Each structure stands twice: as structure tokens, then as C-alpha cells.
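structure.cif, holding mmCIF, C-alpha atoms:
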```cif
data_model
loop_
_atom_site.group_PDB
_atom_site.id
_atom_site.type_symbol
_atom_site.label_atom_id
_atom_site.label_comp_id
_atom_site.auth_asym_id
_atom_site.auth_seq_id
_atom_site.Cartn_x
_atom_site.Cartn_y
_atom_site.Cartn_z
ATOM 1 C CA MET A 1 -24.237 19.570 33.783
ATOM 2 C CA LEU A 2 -26.622 17.713 36.080
ATOM 3 C CA GLU A 3 -29.519 19.800 34.794
ATOM 4 C CA LEU A 4 -28.554 19.030 31.185
ATOM 5 C CA VAL A 5 -28.297 15.296 31.847
ATOM 6 C CA ASN A 6 -31.588 15.226 33.735
ATOM 7 C CA GLN A 7 -33.298 17.087 30.888
ATOM 8 C CA GLU A 8 -32.213 14.269 28.567
ATOM 9 C CA ARG A 9 -33.541 11.693 31.034
ATOM 10 C CA SER A 10 -36.853 13.520 31.305
ATOM 11 C CA LYS A 11 -37.245 13.674 27.510
ATOM 12 C CA ALA A 12 -36.726 9.902 27.416
ATOM 13 C CA GLY A 13 -39.300 9.299 30.162
ATOM 14 C CA LEU A 14 -36.665 8.230 32.679
ATOM 15 C CA PRO A 15 -36.369 9.273 36.328
ATOM 16 C CA MET A 16 -33.938 12.020 37.289
ATOM 17 C CA TYR A 17 -30.540 11.044 38.612
ATOM 18 C CA GLU A 18 -29.772 11.061 42.311
ATOM 19 C CA VAL A 19 -26.375 12.628 43.013
ATOM 20 C CA ASP A 20 -24.029 10.499 45.082
ATOM 21 C CA PRO A 21 -21.352 12.506 46.963
ATOM 22 C CA LYS A 22 -18.809 9.659 46.730
ATOM 23 C CA LEU A 23 -19.241 9.402 42.958
ATOM 24 C CA VAL A 24 -18.927 13.194 42.686
ATOM 25 C CA GLN A 25 -15.648 13.050 44.601
ATOM 26 C CA LEU A 26 -14.324 10.238 42.387
ATOM 27 C CA ALA A 27 -15.436 11.972 39.182
ATOM 28 C CA ARG A 28 -13.671 15.169 40.264
ATOM 29 C CA MET A 29 -10.518 13.206 41.032
ATOM 30 C CA LYS A 30 -10.607 11.583 37.571
ATOM 31 C CA SER A 31 -11.135 14.872 35.724
ATOM 32 C CA LYS A 32 -8.284 16.517 37.614
ATOM 33 C CA ASP A 33 -6.057 13.466 37.070
ATOM 34 C CA MET A 34 -6.626 13.530 33.292
ATOM 35 C CA TYR A 35 -5.527 17.156 33.090
ATOM 36 C CA HIS A 36 -2.538 16.944 35.427
ATOM 37 C CA ASN A 37 -1.252 13.669 33.974
ATOM 38 C CA ARG A 38 -1.944 14.700 30.378
ATOM 39 C CA TYR A 39 -4.104 11.842 29.197
ATOM 40 C CA PHE A 40 -7.651 11.472 27.955
ATOM 41 C CA ARG A 41 -8.964 7.929 28.191
ATOM 42 C CA HIS A 42 -11.174 5.771 30.360
ATOM 43 C CA THR A 43 -8.317 3.888 32.023
ATOM 44 C CA SER A 44 -6.340 6.138 34.353
ATOM 45 C CA PRO A 45 -2.645 5.471 34.990
ATOM 46 C CA THR A 46 -3.390 6.538 38.579
ATOM 47 C CA TYR A 47 -6.765 4.915 39.324
ATOM 48 C CA GLY A 48 -7.298 2.254 36.647
ATOM 49 C CA SER A 49 -10.809 1.746 35.282
ATOM 50 C CA ALA A 50 -13.887 3.479 36.676
ATOM 51 C CA LEU A 51 -14.964 0.205 38.258
ATOM 52 C CA SER A 52 -11.629 -0.395 39.969
ATOM 53 C CA MET A 53 -11.568 3.220 41.188
ATOM 54 C CA GLU A 54 -15.053 2.824 42.682
ATOM 55 C CA ILE A 55 -14.230 -0.477 44.355
ATOM 56 C CA LYS A 56 -10.958 0.853 45.823
ATOM 57 C CA ALA A 57 -12.880 3.843 47.226
ATOM 58 C CA GLY A 58 -15.415 1.565 48.931
ATOM 59 C CA PHE A 59 -18.333 2.536 46.690
ATOM 60 C CA SER A 60 -20.875 -0.233 46.148
ATOM 61 C CA ALA A 61 -24.012 -0.537 44.025
ATOM 62 C CA MET A 62 -25.781 -3.210 41.987
ATOM 63 C CA VAL A 63 -24.667 -1.584 38.688
ATOM 64 C CA MET A 64 -21.256 0.094 38.643
ATOM 65 C CA GLY A 65 -18.369 1.053 36.393
ATOM 66 C CA ALA A 66 -20.022 3.091 33.625
ATOM 67 C CA GLU A 67 -18.178 6.305 32.809
ATOM 68 C CA ASN A 68 -18.366 9.172 30.338
ATOM 69 C CA ILE A 69 -15.475 11.551 29.783
ATOM 70 C CA ALA A 70 -15.305 14.671 27.640
ATOM 71 C CA LYS A 71 -13.187 17.765 27.229
ATOM 72 C CA ALA A 72 -14.071 20.969 25.454
ATOM 73 C CA ALA A 73 -14.143 24.736 25.868
ATOM 74 C CA THR A 74 -17.411 24.722 27.832
ATOM 75 C CA VAL A 75 -19.622 22.417 29.871
ATOM 76 C CA LEU A 76 -22.392 22.838 27.297
ATOM 77 C CA ARG A 77 -20.051 21.684 24.526
ATOM 78 C CA THR A 78 -18.988 18.617 26.541
ATOM 79 C CA HIS A 79 -22.666 17.748 26.985
ATOM 80 C CA GLU A 80 -23.227 18.019 23.224
ATOM 81 C CA LEU A 81 -20.226 15.770 22.558
ATOM 82 C CA ILE A 82 -21.492 13.191 25.056
ATOM 83 C CA MET A 83 -25.002 13.147 23.626
ATOM 84 C CA ASN A 84 -23.669 12.886 20.049
ATOM 85 C CA SER A 85 -21.717 9.733 20.928
ATOM 86 C CA ALA A 86 -23.873 6.594 20.889
ATOM 87 C CA ASN A 87 -21.987 4.849 23.709
ATOM 88 C CA HIS A 88 -21.905 7.919 25.932
ATOM 89 C CA ARG A 89 -25.542 8.717 25.217
ATOM 90 C CA ASN A 90 -26.459 5.138 26.139
ATOM 91 C CA ASN A 91 -24.812 5.613 29.536
ATOM 92 C CA VAL A 92 -26.827 8.780 30.182
ATOM 93 C CA LEU A 93 -30.081 7.100 29.137
ATOM 94 C CA ASP A 94 -29.505 3.627 30.600
ATOM 95 C CA PRO A 95 -32.551 2.909 32.801
ATOM 96 C CA ARG A 96 -30.361 0.796 35.127
ATOM 97 C CA HIS A 97 -28.419 3.938 36.019
ATOM 98 C CA THR A 98 -30.152 5.893 38.781
ATOM 99 C CA ILE A 99 -27.150 7.467 40.519
ATOM 100 C CA ILE A 100 -24.592 9.880 39.082
ATOM 101 C CA GLY A 101 -21.452 11.694 40.081
ATOM 102 C CA ILE A 102 -20.159 14.516 37.891
ATOM 103 C CA GLY A 103 -16.680 15.968 38.175
ATOM 104 C CA ILE A 104 -15.700 19.088 36.238
ATOM 105 C CA PHE A 105 -12.131 20.362 36.263
ATOM 106 C CA GLU A 106 -11.609 23.828 34.806
ATOM 107 C CA THR A 107 -8.359 24.560 32.991
ATOM 108 C CA PRO A 108 -7.070 27.617 31.123
ATOM 109 C CA TYR A 109 -8.145 25.818 27.937
ATOM 110 C CA GLY A 110 -11.618 24.602 28.892
ATOM 111 C CA VAL A 111 -13.055 21.825 31.037
ATOM 112 C CA TYR A 112 -12.530 18.128 31.632
ATOM 113 C CA VAL A 113 -15.753 16.336 32.555
ATOM 114 C CA THR A 114 -16.188 12.902 34.081
ATOM 115 C CA GLN A 115 -19.597 11.329 34.642
ATOM 116 C CA LEU A 116 -19.799 8.169 36.756
ATOM 117 C CA PHE A 117 -23.011 6.125 36.712
ATOM 118 C CA ALA A 118 -24.394 3.522 39.072
ATOM 119 C CA GLY A 119 -27.706 1.939 39.993
ATOM 120 C CA ASN A 120 -29.326 -0.053 42.783
#
```
In C-alpha cells, what does this structure look like?
Amino acid sequence: MLELVNQERSKAGLPMYEVDPKLVQLARMKSKDMYHNRYFRHTSPTYGSALSMEIKAGFSAMVMGAENIAKAATVLRTHELIMNSANHRNNVLDPRHTIIGIGIFETPYGVYVTQLFAGN
């Protein structure tokens, strides 16, 4: 997934994302939470919004709170869905975003993907 996202950034003339371990951990938690609590939306009944989740976890950056979520049979398909959505695509290609955390939770039915974006 990181390679796919960075390919999109490269095509747009943007720098590659730096991976932040804290954002990866939070993104994994969100993907797992969506599956186990049977919801699919940006506001988690467990963690709230992406921004509130990041703040509660002690993550800090100049730009915070942007999130993409997707679910599909494969990681490649989730990437296609993200890039075919204007709002999600804008998050991937936002030049203010320089840091990413990607969480993928595999289920018997496919994958849940969360991408968290930040920038300094």
C-alpha cells in the first residue's frame, strides 16, 4: 500500500511519504476496530475522529486529522477505490501531508485499510 501511494505522489511531483510508527499503530487499531465493531465510517465509536484519536495517543504535528478508509477484497482494490474518490485522492496528494501511517486488517472477506496523514 505504501508503494502504491508513493507511486501516486511521484507521478504528481510530490515527495514520498515518511512512515510514522505511531500513525501506523493508530491506523492498525482503527482498521481492526471497524471490523470487530462492525462499522465503516470516519468517526469510531471507540476512538472518535482521527484527530481526537491522534491527540489522545500523544501524536503531534502541524497538520493532523486527515484519514482515508476503504474496504475491499484486496489491498490493490482499496487503493483503486481511494484514488477514484476525489476527497480521498486529495488526502493522498495533499502537499501538506508528508507523514503517513497505514493500517491493514485482514478478514476472511477481504481487508480494511486506514490511512492517516500528517505534516510538519
Q. From the set A:Ala72, A:Ala118, A:Leu93, A:Val24, which residue has the shortest atom-to-atom contact distance to Ser10 in chain A, counting all atoms listed in the file?
A. A:Leu93
Q. Care to translate the PyMOL selection byres ((chain A and resi 61-63) around 10) into actual residues of this file, as a ChimeraX atom specification?
A. /A:51,54-55,59-60,64-66,96-99,117-120
For the selection just defined, write its residues with C-alpha atoms to a file, as a compact mmCIF listing (two decimals), in the frame of the given file.
```txt
# COMPACT_ATOMS: atom_id res chain seq x y z
CA LEU A 51 -14.96 0.20 38.26
CA GLU A 54 -15.05 2.82 42.68
CA ILE A 55 -14.23 -0.48 44.36
CA PHE A 59 -18.33 2.54 46.69
CA SER A 60 -20.88 -0.23 46.15
CA MET A 64 -21.26 0.09 38.64
CA GLY A 65 -18.37 1.05 36.39
CA ALA A 66 -20.02 3.09 33.62
CA ARG A 96 -30.36 0.80 35.13
CA HIS A 97 -28.42 3.94 36.02
CA THR A 98 -30.15 5.89 38.78
CA ILE A 99 -27.15 7.47 40.52
CA PHE A 117 -23.01 6.12 36.71
CA ALA A 118 -24.39 3.52 39.07
CA GLY A 119 -27.71 1.94 39.99
CA ASN A 120 -29.33 -0.05 42.78
```
Q) From the set A:Asn84, A:Asp33, A:Glu106, A:Glu67, which residue has the shortest atom-to-atom contact distance to Ser52 in chain A, counting only C-alpha atoms? A)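 Looking only at the distances to Ser52 in chain A, the closest residue turns out to be A:Glu67.
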Q: Would you write out, as a ChimeraX atom specification, every residue that the PyMOL selection byres ((chain A and resi 47) around 12) captures in this file?
A: /A:26-27,29-34,37,41-46,48-57
With C-alpha atoms kept, could you save the residues just selected as an mmCIF file, in the frame of the given file?
```cif
data_model
loop_
_atom_site.group_PDB
_atom_site.id
_atom_site.type_symbol
_atom_site.label_atom_id
_atom_site.label_comp_id
_atom_site.auth_asym_id
_atom_site.auth_seq_id
_atom_site.Cartn_x
_atom_site.Cartn_y
_atom_site.Cartn_z
ATOM 1 C CA LEU A 26 -14.324 10.238 42.387
ATOM 2 C CA ALA A 27 -15.436 11.972 39.182
ATOM 3 C CA MET A 29 -10.518 13.206 41.032
ATOM 4 C CA LYS A 30 -10.607 11.583 37.571
ATOM 5 C CA SER A 31 -11.135 14.872 35.724
ATOM 6 C CA LYS A 32 -8.284 16.517 37.614
ATOM 7 C CA ASP A 33 -6.057 13.466 37.070
ATOM 8 C CA MET A 34 -6.626 13.530 33.292
ATOM 9 C CA ASN A 37 -1.252 13.669 33.974
ATOM 10 C CA ARG A 41 -8.964 7.929 28.191
ATOM 11 C CA HIS A 42 -11.174 5.771 30.360
ATOM 12 C CA THR A 43 -8.317 3.888 32.023
ATOM 13 C CA SER A 44 -6.340 6.138 34.353
ATOM 14 C CA PRO A 45 -2.645 5.471 34.990
ATOM 15 C CA THR A 46 -3.390 6.538 38.579
ATOM 16 C CA GLY A 48 -7.298 2.254 36.647
ATOM 17 C CA SER A 49 -10.809 1.746 35.282
ATOM 18 C CA ALA A 50 -13.887 3.479 36.676
ATOM 19 C CA LEU A 51 -14.964 0.205 38.258
ATOM 20 C CA SER A 52 -11.629 -0.395 39.969
ATOM 21 C CA MET A 53 -11.568 3.220 41.188
ATOM 22 C CA GLU A 54 -15.053 2.824 42.682
ATOM 23 C CA ILE A 55 -14.230 -0.477 44.355
ATOM 24 C CA LYS A 56 -10.958 0.853 45.823
ATOM 25 C CA ALA A 57 -12.880 3.843 47.226
#
```
Q | Result set of the PyMOL selection byres ((chain A and resi 12) around 12) on the coordinates above, as JSON, numbers by chain | A | {"A": [5, 6, 7, 8, 9, 10, 11, 13, 14, 15, 16, 89, 90, 92, 93, 94, 95]}
For the residues selected in the previous step, produce a file with C-alpha atoms as a short mmCIF file (atom, residue, chain, number, x, y, z; two decimals), keeping the file's coordinate frame.
```
data_model
loop_
_atom_site.label_atom_id
_atom_site.label_comp_id
_atom_site.auth_asym_id
_atom_site.auth_seq_id
_atom_site.Cartn_x
_atom_site.Cartn_y
_atom_site.Cartn_z
CA VAL A 5 -28.30 15.30 31.85
CA ASN A 6 -31.59 15.23 33.74
CA GLN A 7 -33.30 17.09 30.89
CA GLU A 8 -32.21 14.27 28.57
CA ARG A 9 -33.54 11.69 31.03
CA SER A 10 -36.85 13.52 31.30
CA LYS A 11 -37.24 13.67 27.51
CA GLY A 13 -39.30 9.30 30.16
CA LEU A 14 -36.66 8.23 32.68
CA PRO A 15 -36.37 9.27 36.33
CA MET A 16 -33.94 12.02 37.29
CA ARG A 89 -25.54 8.72 25.22
CA ASN A 90 -26.46 5.14 26.14
CA VAL A 92 -26.83 8.78 30.18
CA LEU A 93 -30.08 7.10 29.14
CA ASP A 94 -29.50 3.63 30.60
CA PRO A 95 -32.55 2.91 32.80
#
```
Q.
Applying 7 Å and all atoms listed in the file, which residues near Val113 in chain A remain after dropping the ones on its own chain fewer than 5 positions away? List them as a VMD selection string.
A. chain A and resid 31 69 to 71 103 to 105
Q. Which value, in Å to one decimal, gives the distance between CA of Leu81 in chain A and CA of Gln25 in chain A?
A.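 Computed distance, CA of Leu81 in chain A to CA of Gln25 in chain A, equals 22.7 Å.
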Q. Of the candidates A:Thr74, A:Pro108, A:Ile100, A:Asn91, which one gets nearest to Tyr17 in chain A if we count only C-alpha atoms?
A. A:Ile100
Q) Quick one, how far is CA of Val75 in chain A from CA of Leu4 in chain A? A)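 Taking CA of Val75 in chain A and CA of Leu4 in chain A, their separation equals 9.6 Å.
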(Q) Just to confirm, what's the straight-line distance from CA of Tyr39 in chain A to CA of Glu18 in chain A in Å (one decimal)? (A) 28.8 Å
Once you add 4 Å to each side, what are the centre and edge lengths of the axis-aligned box holding all listed atoms of range 13-23 of chain A? One decimal in Å, as JSON, if you can.
```
{"center_x": -29.1, "center_y": 10.4, "center_z": 38.6, "size_x": 28.5, "size_y": 12.4, "size_z": 24.8}
```
Please return range 73-88 of chain A, rebuilt to N, CA, C and O atoms, as a PDB file, keeping the file's coordinate frame.
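The result, stored in rebuild28.pdb:
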```pdb
ATOM      1  N   ALA A  73     -14.264  23.372  25.356  1.00  0.00           N
ATOM      2  CA  ALA A  73     -14.143  24.736  25.868  1.00  0.00           C
ATOM      3  C   ALA A  73     -15.168  25.050  26.952  1.00  0.00           C
ATOM      4  O   ALA A  73     -14.885  25.835  27.858  1.00  0.00           O
ATOM      5  N   THR A  74     -16.345  24.416  26.879  1.00  0.00           N
ATOM      6  CA  THR A  74     -17.411  24.722  27.832  1.00  0.00           C
ATOM      7  C   THR A  74     -18.118  23.443  28.278  1.00  0.00           C
ATOM      8  O   THR A  74     -18.052  22.416  27.597  1.00  0.00           O
ATOM      9  N   VAL A  75     -18.821  23.545  29.380  1.00  0.00           N
ATOM     10  CA  VAL A  75     -19.622  22.417  29.871  1.00  0.00           C
ATOM     11  C   VAL A  75     -20.714  22.079  28.855  1.00  0.00           C
ATOM     12  O   VAL A  75     -20.971  20.904  28.586  1.00  0.00           O
ATOM     13  N   LEU A  76     -21.346  23.086  28.291  1.00  0.00           N
ATOM     14  CA  LEU A  76     -22.392  22.838  27.297  1.00  0.00           C
ATOM     15  C   LEU A  76     -21.837  22.043  26.111  1.00  0.00           C
ATOM     16  O   LEU A  76     -22.463  21.095  25.638  1.00  0.00           O
ATOM     17  N   ARG A  77     -20.644  22.403  25.658  1.00  0.00           N
ATOM     18  CA  ARG A  77     -20.051  21.684  24.526  1.00  0.00           C
ATOM     19  C   ARG A  77     -19.722  20.239  24.905  1.00  0.00           C
ATOM     20  O   ARG A  77     -19.921  19.328  24.091  1.00  0.00           O
ATOM     21  N   THR A  78     -19.257  20.003  26.132  1.00  0.00           N
ATOM     22  CA  THR A  78     -18.988  18.617  26.541  1.00  0.00           C
ATOM     23  C   THR A  78     -20.287  17.814  26.551  1.00  0.00           C
ATOM     24  O   THR A  78     -20.301  16.655  26.155  1.00  0.00           O
ATOM     25  N   HIS A  79     -21.371  18.446  26.988  1.00  0.00           N
ATOM     26  CA  HIS A  79     -22.666  17.748  26.985  1.00  0.00           C
ATOM     27  C   HIS A  79     -23.069  17.379  25.555  1.00  0.00           C
ATOM     28  O   HIS A  79     -23.532  16.261  25.307  1.00  0.00           O
ATOM     29  N   GLU A  80     -22.893  18.298  24.625  1.00  0.00           N
ATOM     30  CA  GLU A  80     -23.227  18.019  23.224  1.00  0.00           C
ATOM     31  C   GLU A  80     -22.390  16.861  22.692  1.00  0.00           C
ATOM     32  O   GLU A  80     -22.914  15.979  22.000  1.00  0.00           O
ATOM     33  N   LEU A  81     -21.100  16.856  23.017  1.00  0.00           N
ATOM     34  CA  LEU A  81     -20.226  15.770  22.558  1.00  0.00           C
ATOM     35  C   LEU A  81     -20.683  14.430  23.133  1.00  0.00           C
ATOM     36  O   LEU A  81     -20.711  13.420  22.421  1.00  0.00           O
ATOM     37  N   ILE A  82     -21.027  14.415  24.408  1.00  0.00           N
ATOM     38  CA  ILE A  82     -21.492  13.191  25.056  1.00  0.00           C
ATOM     39  C   ILE A  82     -22.770  12.689  24.391  1.00  0.00           C
ATOM     40  O   ILE A  82     -22.901  11.509  24.066  1.00  0.00           O
ATOM     41  N   MET A  83     -23.718  13.569  24.181  1.00  0.00           N
ATOM     42  CA  MET A  83     -25.002  13.147  23.626  1.00  0.00           C
ATOM     43  C   MET A  83     -24.913  12.780  22.143  1.00  0.00           C
ATOM     44  O   MET A  83     -25.768  12.064  21.632  1.00  0.00           O
ATOM     45  N   ASN A  84     -23.868  13.236  21.456  1.00  0.00           N
ATOM     46  CA  ASN A  84     -23.669  12.886  20.049  1.00  0.00           C
ATOM     47  C   ASN A  84     -22.853  11.610  19.865  1.00  0.00           C
ATOM     48  O   ASN A  84     -22.616  11.186  18.737  1.00  0.00           O
ATOM     49  N   SER A  85     -22.434  11.004  20.962  1.00  0.00           N
ATOM     50  CA  SER A  85     -21.717   9.733  20.928  1.00  0.00           C
ATOM     51  C   SER A  85     -22.675   8.640  21.396  1.00  0.00           C
ATOM     52  O   SER A  85     -23.199   8.706  22.507  1.00  0.00           O
ATOM     53  N   ALA A  86     -22.894   7.639  20.554  1.00  0.00           N
ATOM     54  CA  ALA A  86     -23.873   6.594  20.889  1.00  0.00           C
ATOM     55  C   ALA A  86     -23.570   5.922  22.226  1.00  0.00           C
ATOM     56  O   ALA A  86     -24.471   5.752  23.052  1.00  0.00           O
ATOM     57  N   ASN A  87     -22.326   5.533  22.459  1.00  0.00           N
ATOM     58  CA  ASN A  87     -21.987   4.849  23.709  1.00  0.00           C
ATOM     59  C   ASN A  87     -22.178   5.743  24.928  1.00  0.00           C
ATOM     60  O   ASN A  87     -22.678   5.296  25.959  1.00  0.00           O
ATOM     61  N   HIS A  88     -21.763   6.996  24.805  1.00  0.00           N
ATOM     62  CA  HIS A  88     -21.905   7.919  25.932  1.00  0.00           C
ATOM     63  C   HIS A  88     -23.383   8.249  26.178  1.00  0.00           C
ATOM     64  O   HIS A  88     -23.827   8.315  27.317  1.00  0.00           O
TER      65      HIS A  88
END
```
